[in-house]
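Student: The following file, structure37.pdb, comprises PDB, C-alpha atoms, pLDDT in the B column:
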ATOM      1  CA  MET C   1       4.205  -9.492 -15.783  1.00 47.00           C
ATOM      2  CA  GLY C   2       5.791 -12.820 -14.863  1.00 48.00           C
ATOM      3  CA  SER C   3       9.255 -11.422 -15.444  1.00 53.00           C
ATOM      4  CA  ALA C   4       8.335  -8.308 -13.477  1.00 56.00           C
ATOM      5  CA  THR C   5       7.474 -10.501 -10.502  1.00 58.00           C
ATOM      6  CA  SER C   6      10.869 -12.191 -10.568  1.00 53.00           C
ATOM      7  CA  GLU C   7      12.642  -8.865 -10.975  1.00 52.00           C
ATOM      8  CA  LEU C   8      10.700  -7.439  -8.042  1.00 60.00           C
ATOM      9  CA  SER C   9      11.729 -10.394  -5.906  1.00 56.00           C
ATOM     10  CA  SER C  10      15.418  -9.913  -6.665  1.00 52.00           C
ATOM     11  CA  GLN C  11      15.464  -6.116  -6.547  1.00 51.00           C
ATOM     12  CA  THR C  12      13.645  -5.732  -3.238  1.00 46.00           C
ATOM     13  CA  SER C  13      15.923  -8.225  -1.500  1.00 45.00           C
ATOM     14  CA  GLU C  14      18.979  -6.212  -2.466  1.00 46.00           C
ATOM     15  CA  PRO C  15      20.715  -4.404   0.416  1.00 47.00           C
ATOM     16  CA  PRO C  16      20.575  -0.572   0.371  1.00 45.00           C
ATOM     17  CA  SER C  17      24.312  -0.201  -0.260  1.00 40.00           C
ATOM     18  CA  ARG C  18      24.005  -1.926  -3.667  1.00 49.00           C
ATOM     19  CA  ARG C  19      21.042   0.048  -4.988  1.00 53.00           C
ATOM     20  CA  THR C  20      21.705   2.011  -8.172  1.00 53.00           C
ATOM     21  CA  PRO C  21      20.200   5.226  -9.603  1.00 67.00           C
ATOM     22  CA  LEU C  22      17.336   5.066 -12.100  1.00 61.00           C
ATOM     23  CA  ALA C  23      18.665   3.683 -15.394  1.00 67.00           C
ATOM     24  CA  ASP C  24      18.741   5.997 -18.405  1.00 67.00           C
ATOM     25  CA  ALA C  25      16.941   3.240 -20.325  1.00 63.00           C
ATOM     26  CA  ALA C  26      13.867   3.397 -18.036  1.00 65.00           C
ATOM     27  CA  GLU C  27      10.820   4.031 -20.197  1.00 65.00           C
ATOM     28  CA  THR C  28       7.824   2.434 -18.466  1.00 75.00           C
ATOM     29  CA  GLY C  29       6.468   3.609 -15.118  1.00 79.00           C
ATOM     30  CA  LEU C  30       3.928   1.518 -13.215  1.00 87.00           C
ATOM     31  CA  LYS C  31       1.963   3.235 -10.472  1.00 89.00           C
ATOM     32  CA  ILE C  32       0.746   1.518  -7.288  1.00 90.00           C
ATOM     33  CA  VAL C  33      -1.079   3.194  -4.415  1.00 90.00           C
ATOM     34  CA  VAL C  34      -0.946   2.086  -0.770  1.00 93.00           C
ATOM     35  CA  VAL C  35      -4.125   3.008   1.104  1.00 91.00           C
ATOM     36  CA  GLY C  36      -5.679   2.272   4.466  1.00 88.00           C
ATOM     37  CA  GLY C  37      -6.685   3.843   7.727  1.00 84.00           C
ATOM     38  CA  PHE C  38      -4.843   6.323   9.903  1.00 80.00           C
ATOM     39  CA  GLY C  39      -1.784   4.701  11.486  1.00 80.00           C
ATOM     40  CA  ALA C  40      -2.066   1.442   9.524  1.00 85.00           C
ATOM     41  CA  GLY C  41       1.593   1.597   8.417  1.00 88.00           C
ATOM     42  CA  LYS C  42       1.407   2.990   4.874  1.00 88.00           C
ATOM     43  CA  THR C  43       4.377   5.346   5.269  1.00 88.00           C
ATOM     44  CA  THR C  44       6.374   2.547   6.887  1.00 90.00           C
ATOM     45  CA  LEU C  45       5.625   0.149   4.031  1.00 93.00           C
ATOM     46  CA  VAL C  46       6.673   2.634   1.335  1.00 91.00           C
ATOM     47  CA  ARG C  47       9.819   3.484   3.285  1.00 89.00           C
ATOM     48  CA  SER C  48      10.796  -0.149   3.829  1.00 91.00           C
ATOM     49  CA  VAL C  49      10.586  -1.253   0.179  1.00 92.00           C
ATOM     50  CA  SER C  50      11.734   1.870  -1.680  1.00 90.00           C
ATOM     51  CA  GLU C  51      15.153   1.728  -3.340  1.00 89.00           C
ATOM     52  CA  ILE C  52      15.493   5.493  -2.955  1.00 83.00           C
ATOM     53  CA  ARG C  53      15.122   7.715   0.046  1.00 80.00           C
ATOM     54  CA  PRO C  54      11.330   8.097  -0.010  1.00 71.00           C
ATOM     55  CA  LEU C  55       9.517  11.387  -0.174  1.00 66.00           C
ATOM     56  CA  ASN C  56       7.475  11.745   3.003  1.00 62.00           C
ATOM     57  CA  THR C  57       5.070  14.540   3.887  1.00 54.00           C
ATOM     58  CA  GLU C  58       4.855  13.660   7.563  1.00 54.00           C
ATOM     59  CA  GLU C  59       4.201  16.411  10.065  1.00 48.00           C
ATOM     60  CA  LEU C  60       4.022  16.400  13.844  1.00 49.00           C
ATOM     61  CA  MET C  61       0.523  15.991  15.207  1.00 47.00           C
ATOM     62  CA  THR C  62      -0.615  18.987  17.233  1.00 46.00           C
ATOM     63  CA  GLN C  63      -3.474  19.913  19.498  1.00 50.00           C
ATOM     64  CA  ALA C  64      -5.294  21.290  16.450  1.00 47.00           C
ATOM     65  CA  GLY C  65      -5.975  17.723  15.404  1.00 47.00           C
ATOM     66  CA  GLN C  66      -7.580  16.737  18.686  1.00 49.00           C
ATOM     67  CA  GLY C  67     -11.227  15.951  18.182  1.00 49.00           C
ATOM     68  CA  VAL C  68     -10.679  15.829  14.409  1.00 46.00           C
ATOM     69  CA  ASP C  69      -8.373  12.818  13.963  1.00 49.00           C
ATOM     70  CA  GLU C  70      -9.579   9.624  15.614  1.00 59.00           C
ATOM     71  CA  THR C  71      -6.535   8.218  17.452  1.00 50.00           C
ATOM     72  CA  ALA C  72      -8.126   5.361  19.397  1.00 53.00           C
ATOM     73  CA  GLY C  73      -5.790   2.371  19.134  1.00 49.00           C
ATOM     74  CA  VAL C  74      -2.866   4.456  17.846  1.00 49.00           C
ATOM     75  CA  GLU C  75      -2.412   6.799  20.792  1.00 51.00           C
ATOM     76  CA  GLY C  76       1.377   6.590  20.499  1.00 52.00           C
ATOM     77  CA  LYS C  77       1.429   8.016  16.971  1.00 48.00           C
ATOM     78  CA  THR C  78       3.113  11.445  16.879  1.00 49.00           C
ATOM     79  CA  THR C  79       3.309  12.202  13.135  1.00 50.00           C
ATOM     80  CA  THR C  80       0.884  12.033  10.231  1.00 51.00           C
ATOM     81  CA  THR C  81       1.045  12.142   6.428  1.00 48.00           C
ATOM     82  CA  VAL C  82      -0.540  15.338   5.102  1.00 46.00           C
ATOM     83  CA  ALA C  83      -0.183  14.785   1.334  1.00 51.00           C
ATOM     84  CA  PHE C  84       1.337  11.488   0.190  1.00 69.00           C
ATOM     85  CA  ASP C  85       4.407   9.260   0.424  1.00 84.00           C
ATOM     86  CA  PHE C  86       6.445   8.388  -2.639  1.00 86.00           C
ATOM     87  CA  GLY C  87       8.949   5.618  -3.275  1.00 89.00           C
ATOM     88  CA  ARG C  88      10.441   3.747  -6.225  1.00 87.00           C
ATOM     89  CA  ILE C  89      11.528   0.243  -7.196  1.00 86.00           C
ATOM     90  CA  SER C  90      13.349  -0.507 -10.472  1.00 85.00           C
ATOM     91  CA  LEU C  91      12.002  -3.818 -11.779  1.00 80.00           C
ATOM     92  CA  ASN C  92      14.561  -3.854 -14.598  1.00 79.00           C
ATOM     93  CA  GLU C  93      16.413  -1.317 -16.770  1.00 77.00           C
ATOM     94  CA  ARG C  94      13.215  -0.304 -18.572  1.00 79.00           C
ATOM     95  CA  MET C  95      10.424  -0.811 -16.057  1.00 81.00           C
ATOM     96  CA  VAL C  96      10.001   1.157 -12.821  1.00 85.00           C
ATOM     97  CA  LEU C  97       7.422   0.753 -10.078  1.00 86.00           C
ATOM     98  CA  TYR C  98       6.284   3.982  -8.396  1.00 89.00           C
ATOM     99  CA  LEU C  99       4.687   3.712  -4.968  1.00 91.00           C
ATOM    100  CA  PHE C 100       2.318   6.332  -3.563  1.00 89.00           C
ATOM    101  CA  GLY C 101       1.121   6.159   0.035  1.00 86.00           C
ATOM    102  CA  ALA C 102      -2.197   7.932   0.616  1.00 83.00           C
ATOM    103  CA  PRO C 103      -2.979   9.865   3.828  1.00 78.00           C
ATOM    104  CA  GLY C 104      -5.307   8.017   6.159  1.00 58.00           C
ATOM    105  CA  GLN C 105      -7.374  10.672   7.932  1.00 60.00           C
ATOM    106  CA  GLU C 106     -10.843  11.500   6.664  1.00 63.00           C
ATOM    107  CA  ARG C 107      -9.933  15.177   6.195  1.00 59.00           C
ATOM    108  CA  PHE C 108      -7.410  14.189   3.502  1.00 62.00           C
ATOM    109  CA  TRP C 109      -9.623  11.766   1.594  1.00 64.00           C
ATOM    110  CA  PHE C 110     -10.260  14.379  -1.088  1.00 66.00           C
ATOM    111  CA  LEU C 111      -6.713  13.654  -2.331  1.00 71.00           C
ATOM    112  CA  TRP C 112      -7.414   9.999  -2.991  1.00 68.00           C
ATOM    113  CA  ASP C 113      -9.217  10.278  -6.329  1.00 72.00           C
ATOM    114  CA  ARG C 114      -6.244  12.185  -7.746  1.00 75.00           C
ATOM    115  CA  LEU C 115      -3.823   9.569  -6.433  1.00 73.00           C
ATOM    116  CA  PHE C 116      -5.904   6.785  -8.001  1.00 73.00           C
ATOM    117  CA  SER C 117      -5.595   8.355 -11.453  1.00 78.00           C
ATOM    118  CA  GLY C 118      -3.448   6.112 -13.668  1.00 84.00           C
ATOM    119  CA  THR C 119      -3.001   3.526 -10.933  1.00 85.00           C
ATOM    120  CA  LEU C 120      -2.236  -0.037 -12.024  1.00 90.00           C
ATOM    121  CA  GLY C 121      -3.354  -1.520  -8.704  1.00 93.00           C
ATOM    122  CA  ALA C 122      -3.459  -0.880  -4.984  1.00 94.00           C
ATOM    123  CA  VAL C 123      -2.568  -2.318  -1.605  1.00 95.00           C
ATOM    124  CA  VAL C 124      -5.105  -1.888   1.191  1.00 95.00           C
ATOM    125  CA  LEU C 125      -3.195  -2.011   4.463  1.00 95.00           C
ATOM    126  CA  VAL C 126      -5.269  -3.213   7.420  1.00 93.00           C
ATOM    127  CA  ASP C 127      -4.653  -2.605  11.107  1.00 89.00           C
ATOM    128  CA  THR C 128      -6.708  -5.186  13.037  1.00 88.00           C
ATOM    129  CA  ARG C 129      -7.146  -2.684  15.889  1.00 83.00           C
ATOM    130  CA  ARG C 130      -9.076  -0.395  13.526  1.00 84.00           C
ATOM    131  CA  MET C 131     -10.428  -2.573  10.726  1.00 88.00           C
ATOM    132  CA  GLU C 132     -13.342  -0.270  10.015  1.00 87.00           C
ATOM    133  CA  ASP C 133     -10.863   2.399   8.841  1.00 86.00           C
ATOM    134  CA  CYS C 134     -10.246   0.592   5.555  1.00 87.00           C
ATOM    135  CA  TRP C 135     -13.901   0.414   4.448  1.00 89.00           C
ATOM    136  CA  TYR C 136     -13.645   3.775   2.696  1.00 85.00           C
ATOM    137  CA  ALA C 137     -10.465   2.712   0.886  1.00 85.00           C
ATOM    138  CA  ILE C 138     -12.113  -0.469  -0.377  1.00 91.00           C
ATOM    139  CA  ASP C 139     -15.218   1.465  -1.435  1.00 88.00           C
ATOM    140  CA  ARG C 140     -13.196   4.002  -3.444  1.00 83.00           C
ATOM    141  CA  LEU C 141     -11.091   1.313  -5.137  1.00 87.00           C
ATOM    142  CA  GLU C 142     -14.192  -0.625  -6.142  1.00 90.00           C
ATOM    143  CA  HIS C 143     -15.755   2.614  -7.389  1.00 86.00           C
ATOM    144  CA  HIS C 144     -12.716   3.273  -9.591  1.00 85.00           C
ATOM    145  CA  LYS C 145     -12.608  -0.427 -10.596  1.00 90.00           C
ATOM    146  CA  THR C 146      -8.997  -0.549  -9.400  1.00 91.00           C
ATOM    147  CA  PRO C 147      -7.625  -4.058  -8.663  1.00 94.00           C
ATOM    148  CA  PHE C 148      -6.264  -4.448  -5.146  1.00 96.00           C
ATOM    149  CA  VAL C 149      -4.919  -6.851  -2.554  1.00 97.00           C
ATOM    150  CA  VAL C 150      -5.440  -6.635   1.191  1.00 97.00           C
ATOM    151  CA  ALA C 151      -2.363  -6.802   3.430  1.00 96.00           C
ATOM    152  CA  VAL C 152      -2.889  -7.253   7.170  1.00 95.00           C
ATOM    153  CA  ASN C 153      -0.141  -5.421   9.042  1.00 93.00           C
ATOM    154  CA  ARG C 154       0.643  -7.525  12.091  1.00 89.00           C
ATOM    155  CA  PHE C 155       1.968  -5.354  14.913  1.00 75.00           C
ATOM    156  CA  ASP C 156       3.982  -6.628  17.884  1.00 68.00           C
ATOM    157  CA  GLY C 157       1.755  -7.621  20.782  1.00 59.00           C
ATOM    158  CA  ASP C 158      -1.363  -7.707  18.619  1.00 61.00           C
ATOM    159  CA  GLU C 159      -3.888  -9.409  20.889  1.00 55.00           C
ATOM    160  CA  ASN C 160      -6.656  -9.311  18.276  1.00 59.00           C
ATOM    161  CA  ARG C 161      -5.007 -11.764  15.923  1.00 78.00           C
ATOM    162  CA  PHE C 162      -7.927 -12.420  13.646  1.00 87.00           C
ATOM    163  CA  SER C 163      -7.377 -14.944  10.863  1.00 90.00           C
ATOM    164  CA  LEU C 164      -7.353 -13.776   7.271  1.00 93.00           C
ATOM    165  CA  GLU C 165     -10.708 -15.445   6.670  1.00 94.00           C
ATOM    166  CA  GLU C 166     -12.217 -13.697   9.694  1.00 94.00           C
ATOM    167  CA  ILE C 167     -10.951 -10.383   8.334  1.00 93.00           C
ATOM    168  CA  ARG C 168     -12.304 -11.225   4.871  1.00 95.00           C
ATOM    169  CA  THR C 169     -15.730 -11.810   6.399  1.00 95.00           C
ATOM    170  CA  ALA C 170     -15.583  -8.625   8.493  1.00 93.00           C
ATOM    171  CA  LEU C 171     -14.697  -6.554   5.409  1.00 93.00           C
ATOM    172  CA  ALA C 172     -17.206  -8.388   3.177  1.00 93.00           C
ATOM    173  CA  LEU C 173     -14.489  -9.170   0.626  1.00 95.00           C
ATOM    174  CA  GLY C 174     -15.053 -11.610  -2.205  1.00 93.00           C
ATOM    175  CA  GLU C 175     -12.841 -14.659  -2.631  1.00 94.00           C
ATOM    176  CA  HIS C 176     -11.298 -13.045  -5.711  1.00 93.00           C
ATOM    177  CA  VAL C 177      -9.494 -10.455  -3.537  1.00 96.00           C
ATOM    178  CA  PRO C 178      -6.059 -11.768  -2.425  1.00 97.00           C
ATOM    179  CA  MET C 179      -5.172 -11.374   1.258  1.00 97.00           C
ATOM    180  CA  VAL C 180      -1.737 -11.663   2.873  1.00 96.00           C
ATOM    181  CA  ASP C 181      -0.160 -11.115   6.281  1.00 94.00           C
ATOM    182  CA  CYS C 182       2.753  -8.705   6.480  1.00 94.00           C
ATOM    183  CA  ASP C 183       4.992  -6.639   8.714  1.00 94.00           C
ATOM    184  CA  ALA C 184       5.268  -3.208   7.074  1.00 93.00           C
ATOM    185  CA  ARG C 185       8.587  -2.591   8.851  1.00 93.00           C
ATOM    186  CA  VAL C 186      10.332  -5.505   7.144  1.00 94.00           C
ATOM    187  CA  ARG C 187      11.485  -5.054   3.547  1.00 94.00           C
ATOM    188  CA  SER C 188      11.151  -8.723   2.600  1.00 94.00           C
ATOM    189  CA  SER C 189       7.592  -8.754   3.957  1.00 95.00           C
ATOM    190  CA  GLY C 190       6.662  -5.627   2.000  1.00 94.00           C
ATOM    191  CA  LYS C 191       8.178  -7.268  -1.067  1.00 92.00           C
ATOM    192  CA  GLU C 192       5.802 -10.221  -0.697  1.00 95.00           C
ATOM    193  CA  VAL C 193       2.833  -7.839  -0.597  1.00 95.00           C
ATOM    194  CA  LEU C 194       3.878  -6.215  -3.876  1.00 93.00           C
ATOM    195  CA  ILE C 195       4.518  -9.608  -5.480  1.00 92.00           C
ATOM    196  CA  ALA C 196       1.008 -10.677  -4.428  1.00 94.00           C
ATOM    197  CA  LEU C 197      -0.414  -7.610  -6.160  1.00 93.00           C
ATOM    198  CA  VAL C 198       1.644  -8.151  -9.331  1.00 90.00           C
ATOM    199  CA  ASP C 199       0.557 -11.811  -9.440  1.00 93.00           C
ATOM    200  CA  HIS C 200      -3.070 -10.714  -9.002  1.00 94.00           C
ATOM    201  CA  LEU C 201      -2.782  -8.221 -11.866  1.00 92.00           C
ATOM    202  CA  TYR C 202      -1.129 -10.850 -14.040  1.00 89.00           C
ATOM    203  CA  SER C 203      -3.907 -13.356 -13.351  1.00 91.00           C
ATOM    204  CA  MET C 204      -6.517 -10.730 -14.200  1.00 91.00           C
ATOM    205  CA  ALA C 205      -4.741  -9.926 -17.480  1.00 88.00           C
ATOM    206  CA  LEU C 206      -4.631 -13.610 -18.458  1.00 89.00           C
ATOM    207  CA  SER C 207      -8.310 -13.983 -17.618  1.00 85.00           C
ATOM    208  CA  GLN C 208      -9.232 -11.018 -19.794  1.00 84.00           C
ATOM    209  CA  GLU C 209      -7.157 -12.378 -22.688  1.00 80.00           C
ATOM    210  CA  SER C 210      -8.942 -15.723 -22.516  1.00 75.00           C
ATOM    211  CA  THR C 211     -12.391 -14.128 -22.461  1.00 71.00           C
ATOM    212  CA  PRO C 212     -13.952 -14.072 -25.955  1.00 64.00           C
TER     213      PRO C 212
END
Mind turning the file's structure into structure tokens?
Tutor:
Amino acid sequence: MGSATSELSSQTSEPPSRRTPLADAAETGLKIVVVGGFGAGKTTLVRSVSEIRPLNTEELMTQAGQGVDETAGVEGKTTTTVAFDFGRISLNERMVLYLFGAPGQERFWFLWDRLFSGTLGAVVLVDTRRMEDCWYAIDRLEHHKTPFVVAVNRFDGDENRFSLEEIRTALALGEHVPMVDCDARVRSSGKEVLIALVDHLYSMALSQESTP
């Protein structure tokens, strides 16, 4: 895990022009899911850190969604994920990190349990304009006993700049859950979120090894 963290740091800082195809020696795939509310920035995060052109299932929002999708706070959003996003990061020649971004609207929540299957850990992306949207994500992760970190996506002009501790209290999160600030649009910032999750998983593994 420690070496995976260092590899993640170096790989995700690499410019797009130097990225290479998946190595033939790749034999271990690690799955991470990015969840959160509608418009929190999940697709943007997967897109910003992926070493490949990500698979997106975004579709234009239409009048059919009016009254079904709650758009308060994200009125400028014109597209929505209808299945999942997929991206990839090669940690080294043998180990690959697969990223899956879950759809945020309630009508697509039925897909989440399938996406959680085989997941190593998760990132809960929080939009401070709609913090209540991530309660379901946290509930499902705790139900599946899936380790996760919380990343607060700070948007430009965010007037509700709550501190991480204020957000922790609002979401009733224990101190054992790591929290970080991020900008989902920036690759280096997304990298730090994934490193925080890998470090959290590593700490959990060490703790379990030391438990009689």
Student: Have a look at atom CA of Glu165 of chain C and atom CA of Ala40 of chain C and let me know their distance in Å, one decimal.
Tutor: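 Computing it gives 19.2 Å between the two atoms.
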Student: Would you kindly translate the PyMOL selection byres ((chain C and resi 45-50) around 10) into the concrete residues it picks from this file, as a VMD selection string?
Tutor: chain C and resid 11 to 13 16 33 to 34 40 to 44 51 to 56 85 to 90 97 to 101 125 153 182 to 191 193 to 194
Student: Evaluated on this file, the PyMOL selection byres ((chain C and resi 133-140) around 8) picks out some residues - which ones are they, written as a PyMOL selection string?
Tutor: chain C and resi 35-38+113+124-126+130-132+141-144+171
Student: Apply the PyMOL selection byres ((chain C and resi 29) around 12) to the file shown and report the selected residues as a list in words.
Tutor: Leu22, Ala25, Ala26, Glu27, Thr28, Leu30, Lys31, Ile32, Arg88, Ile89, Ser90, Leu91, Asn92, Glu93, Arg94, Met95, Val96, Leu97, Tyr98, Leu99, Gly118, Thr119 and Leu120 of chain C
Student: I'd like the interatomic distance between atom CA of Val198 of chain C and atom CA of Pro147 of chain C, to a tenth of an Å.
Tutor: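 For atom CA of Val198 of chain C relative to atom CA of Pro147 of chain C, the distance reads 10.2 Å.
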Student: Please indicate the distance in Å from atom CA of Ser117 of chain C to atom CA of Leu206 of chain C, rounded to one decimal place.
Tutor: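 Between these atoms lies a distance of 23.1 Å.
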Student: Output segment 160-178 of chain C with N, CA and C atoms present, as a PDB file, in the coordinates of the input.
Tutor:
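Result file result.pdb:
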ATOM      1  N   ASN C 160      -5.494  -8.989  19.112  1.00 59.00           N
ATOM      2  CA  ASN C 160      -6.656  -9.311  18.276  1.00 59.00           C
ATOM      3  C   ASN C 160      -6.177  -9.953  16.979  1.00 59.00           C
ATOM      4  N   ARG C 161      -5.588 -11.122  17.101  1.00 78.00           N
ATOM      5  CA  ARG C 161      -5.007 -11.764  15.923  1.00 78.00           C
ATOM      6  C   ARG C 161      -6.078 -12.533  15.165  1.00 78.00           C
ATOM      7  N   PHE C 162      -6.905 -11.804  14.463  1.00 87.00           N
ATOM      8  CA  PHE C 162      -7.927 -12.420  13.646  1.00 87.00           C
ATOM      9  C   PHE C 162      -7.269 -13.149  12.467  1.00 87.00           C
ATOM     10  N   SER C 163      -7.878 -14.242  12.038  1.00 90.00           N
ATOM     11  CA  SER C 163      -7.377 -14.944  10.863  1.00 90.00           C
ATOM     12  C   SER C 163      -7.733 -14.146   9.614  1.00 90.00           C
ATOM     13  N   LEU C 164      -7.065 -14.472   8.512  1.00 93.00           N
ATOM     14  CA  LEU C 164      -7.353 -13.776   7.271  1.00 93.00           C
ATOM     15  C   LEU C 164      -8.801 -13.991   6.842  1.00 93.00           C
ATOM     16  N   GLU C 165      -9.318 -15.182   7.053  1.00 94.00           N
ATOM     17  CA  GLU C 165     -10.708 -15.445   6.670  1.00 94.00           C
ATOM     18  C   GLU C 165     -11.684 -14.669   7.541  1.00 94.00           C
ATOM     19  N   GLU C 166     -11.364 -14.510   8.825  1.00 94.00           N
ATOM     20  CA  GLU C 166     -12.217 -13.697   9.694  1.00 94.00           C
ATOM     21  C   GLU C 166     -12.215 -12.238   9.239  1.00 94.00           C
ATOM     22  N   ILE C 167     -11.047 -11.756   8.823  1.00 93.00           N
ATOM     23  CA  ILE C 167     -10.951 -10.383   8.334  1.00 93.00           C
ATOM     24  C   ILE C 167     -11.678 -10.243   7.009  1.00 93.00           C
ATOM     25  N   ARG C 168     -11.586 -11.244   6.147  1.00 95.00           N
ATOM     26  CA  ARG C 168     -12.304 -11.225   4.871  1.00 95.00           C
ATOM     27  C   ARG C 168     -13.806 -11.097   5.112  1.00 95.00           C
ATOM     28  N   THR C 169     -14.306 -11.861   6.085  1.00 95.00           N
ATOM     29  CA  THR C 169     -15.730 -11.810   6.399  1.00 95.00           C
ATOM     30  C   THR C 169     -16.115 -10.445   6.964  1.00 95.00           C
ATOM     31  N   ALA C 170     -15.283  -9.912   7.865  1.00 93.00           N
ATOM     32  CA  ALA C 170     -15.583  -8.625   8.493  1.00 93.00           C
ATOM     33  C   ALA C 170     -15.613  -7.500   7.461  1.00 93.00           C
ATOM     34  N   LEU C 171     -14.772  -7.596   6.436  1.00 93.00           N
ATOM     35  CA  LEU C 171     -14.697  -6.554   5.409  1.00 93.00           C
ATOM     36  C   LEU C 171     -15.583  -6.850   4.208  1.00 93.00           C
ATOM     37  N   ALA C 172     -16.301  -7.991   4.264  1.00 93.00           N
ATOM     38  CA  ALA C 172     -17.206  -8.388   3.177  1.00 93.00           C
ATOM     39  C   ALA C 172     -16.479  -8.448   1.837  1.00 93.00           C
ATOM     40  N   LEU C 173     -15.293  -9.067   1.841  1.00 95.00           N
ATOM     41  CA  LEU C 173     -14.489  -9.170   0.626  1.00 95.00           C
ATOM     42  C   LEU C 173     -14.788 -10.471  -0.101  1.00 95.00           C
ATOM     43  N   GLY C 174     -14.859 -10.411  -1.411  1.00 93.00           N
ATOM     44  CA  GLY C 174     -15.053 -11.610  -2.205  1.00 93.00           C
ATOM     45  C   GLY C 174     -13.800 -12.468  -2.220  1.00 93.00           C
ATOM     46  N   GLU C 175     -13.972 -13.728  -2.595  1.00 94.00           N
ATOM     47  CA  GLU C 175     -12.841 -14.659  -2.631  1.00 94.00           C
ATOM     48  C   GLU C 175     -11.814 -14.281  -3.695  1.00 94.00           C
ATOM     49  N   HIS C 176     -12.213 -13.432  -4.641  1.00 93.00           N
ATOM     50  CA  HIS C 176     -11.298 -13.045  -5.711  1.00 93.00           C
ATOM     51  C   HIS C 176     -10.257 -12.027  -5.251  1.00 93.00           C
ATOM     52  N   VAL C 177     -10.438 -11.450  -4.049  1.00 96.00           N
ATOM     53  CA  VAL C 177      -9.494 -10.455  -3.537  1.00 96.00           C
ATOM     54  C   VAL C 177      -8.396 -11.167  -2.731  1.00 96.00           C
ATOM     55  N   PRO C 178      -7.148 -11.119  -3.170  1.00 97.00           N
ATOM     56  CA  PRO C 178      -6.059 -11.768  -2.425  1.00 97.00           C
ATOM     57  C   PRO C 178      -5.828 -11.084  -1.071  1.00 97.00           C
TER      58      PRO C 178
END
